[in-house]
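Undergrad: For reference, the structure I am asking about is given below.
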Amino acid sequence: MAFSLLTGPLALALLATAPDTAEPPPLPDTCETASPQIELTARLPTREPVVCISPDVPLTLRFNAPLQPGSEKLEQRERFGDVAPGQTSLMLVPPETMGAGERFRVGVCFADEAAPACATFLLLAHPGLGMREVKVSRQPSPVAYYQQVAREAQDENQRLREEVRRLRAEREGPEGVRGAVASGLMGKQGIVCTNLSKKRTPPKGNALIPEVVFGCRANGSVAVLVDLTNPGAEPWTAAGAVLRGARGEVLKPLPLWQSAPLAPSRPRIDSSPPGRVVVEVVATENEARGTYTLTLWDAEHQRTVTLGNITFP
């Protein structure tokens, strides 16, 4: 998708003065569908391109043209852990504490005389889908650009085909062990799980309490099983999840499964059993190796759960 950006000093003026109420809000699934590649054109924009950020996930914007030294402008710069401009890049460390949906504008100008002269981006806070790197191109080679788009579409189509195959197997196949065999999940080794409950990283500001955590591997997929208790006053339902590797790689899961909306627990009365959430990712035997961090969030992106040291057998 091509984005057109404001050019010249007008872009940086808007960066500093435009109120949030004057712009339409991003769609709820903006971060679910955001691309790590942005194309700039000289045409006036209808909206700044959105780049999603998360706490503790540094972001690097890489440009295919040199930047004008000192031209970077960032709203609420004092809240960011670090801002490091380079010759053709801009690295940002997002705030450690920011609410889901918070917005920050960042703008840069280019050192050459090509169009557009400047560009602005809308940084959108998300609990788990923050990007580590975004490549920004001004009028890239059409052949190279569309080849990249085609590769991304092929990868997405493959993922969707796997998802459709699994959904059909679940709907049409038998239940229980017979269903696991019919869906192709059993393989030669069966479904192998490891108890990660004692290995997991202690919660950091989690809205729910993880009681039991399992990492599982089946034929063609891996999964995390989490049993949670809800210390809050309102029920909780998982709306999204992401697994992030040590090198920043992101594994997006299949549709989540939750046993039921997680009701609030009763203090000092052990009458509310934990609720289970299953996060499954399509992955071959050689994939999903190493250590991952799991982030779960609700529909409002306000009550999140983060678990580190997730591994698969």
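In the structure tokens, chains take the letters A, B, ... in the order shown, each chain's residues start at 1, and ligands count up from 1 in the order shown.
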I'd like the contact shell of region 204-220 of chain A - 6 Å cut-off, only C-alpha atoms, skipping same-chain residues fewer than 4 positions apart - returned as a list in words.

TA: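 Final neighbour list, sorted by chain and number: Leu185, Met186, Gly187, Ile191, Val192, Cys193, Thr194, Asn195, Leu196, Ser197, Val224, Leu225, Val226, Asp227, Leu228, Thr229, Asn230, Ala283, Thr284, Arg303, Thr304, Val305 and Phe312 of chain A.
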
Undergrad: By how many Å are CA of Pro231 (chain A) and CA of Gly275 (chain A) apart?

TA: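 Interatomic distance, CA of Pro231 (chain A) to CA of Gly275 (chain A): 12.2 Å.
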
Undergrad: Between CA of Thr33 (chain A) and CA of Val222 (chain A), what is the spacing in Å?

TA: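 Atom-to-atom, CA of Val222 (chain A) and CA of Thr33 (chain A) are spaced 22.3 Å apart.
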
Undergrad: Check the DSSP output for the backbone and give back, as a PyMOL selection string, the residues of region 15-115 of chain A in strand (DSSP E or B).

TA: chain A and resi 37-41+50-53+59-63+67+73-74+82-85+89-93+103-110

Undergrad: Which residue out of A:Pro94, A:Gly128, A:Pro66, A:Pro264 has the minimum interatomic distance to Val108 (chain A) when only C-alpha atoms are used?

TA: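 Among the listed residues, the smallest separation from Val108 (chain A) belongs to A:Pro66.
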
Undergrad: Rank A:Val281, A:Val57, A:Ala42, A:Leu67 by their smallest atom-to-atom distance to Asp112 (chain A), using only C-alpha atoms, and report the top residue only.

TA: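 Looking only at the distances to Asp112 (chain A), the closest residue turns out to be A:Leu67.
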
Undergrad: Excluding Pro58 (chain A) and its own-chain neighbours fewer than 4 positions away, which residues fall within 8 Å of it when counting only C-alpha atoms? Please give them as a tab-separated table (two decimals) with N, CA and C atoms, in the first residue's frame.

TA:
chain	number	residue	atom	x	y	z
A	91	MET	N	16.24	5.78	15.42
A	91	MET	CA	15.92	4.76	16.42
A	91	MET	C	15.23	5.42	17.60
A	92	LEU	N	14.13	4.79	18.05
A	92	LEU	CA	13.35	5.30	19.17
A	92	LEU	C	13.15	4.19	20.19
A	93	VAL	N	13.26	4.52	21.47
A	93	VAL	CA	12.91	3.60	22.55
A	93	VAL	C	11.61	4.10	23.16
A	94	PRO	N	10.47	3.41	22.91
A	94	PRO	CA	9.17	3.91	23.39
A	94	PRO	C	9.11	4.04	24.90
A	131	MET	N	6.48	-2.69	16.40
A	131	MET	CA	7.44	-3.09	15.37
A	131	MET	C	8.85	-2.76	15.81
A	132	ARG	N	9.80	-3.60	15.41
A	132	ARG	CA	11.20	-3.33	15.68
A	132	ARG	C	11.85	-2.54	14.54

Undergrad: Counting only C-alpha atoms, which of A:Ala246, A:Cys118, A:Ala223, A:Val136 gets nearest to Val277 (chain A)?

TA: A:Ala223

Undergrad: Between CA of Asp29 (chain A) and CA of Val282 (chain A), what is the distance, to one decimal in Å?

TA: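 Going from CA of Asp29 (chain A) over to CA of Val282 (chain A), I get 20.9 Å.
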
Undergrad: Which is closer to Asn64 (chain A) than all the others in A:Ala34, A:Glu39, A:Gly81, A:Gly290, using only C-alpha atoms?

TA: A:Glu39

Undergrad: Write out as a list in words which residues come within 8 Å of Val50 (chain A) when counting only C-alpha atoms, dropping same-chain ones fewer than 6 positions away.

TA: Thr30, Ala34, Phe121, Leu122, Leu123 and Leu124 of chain A
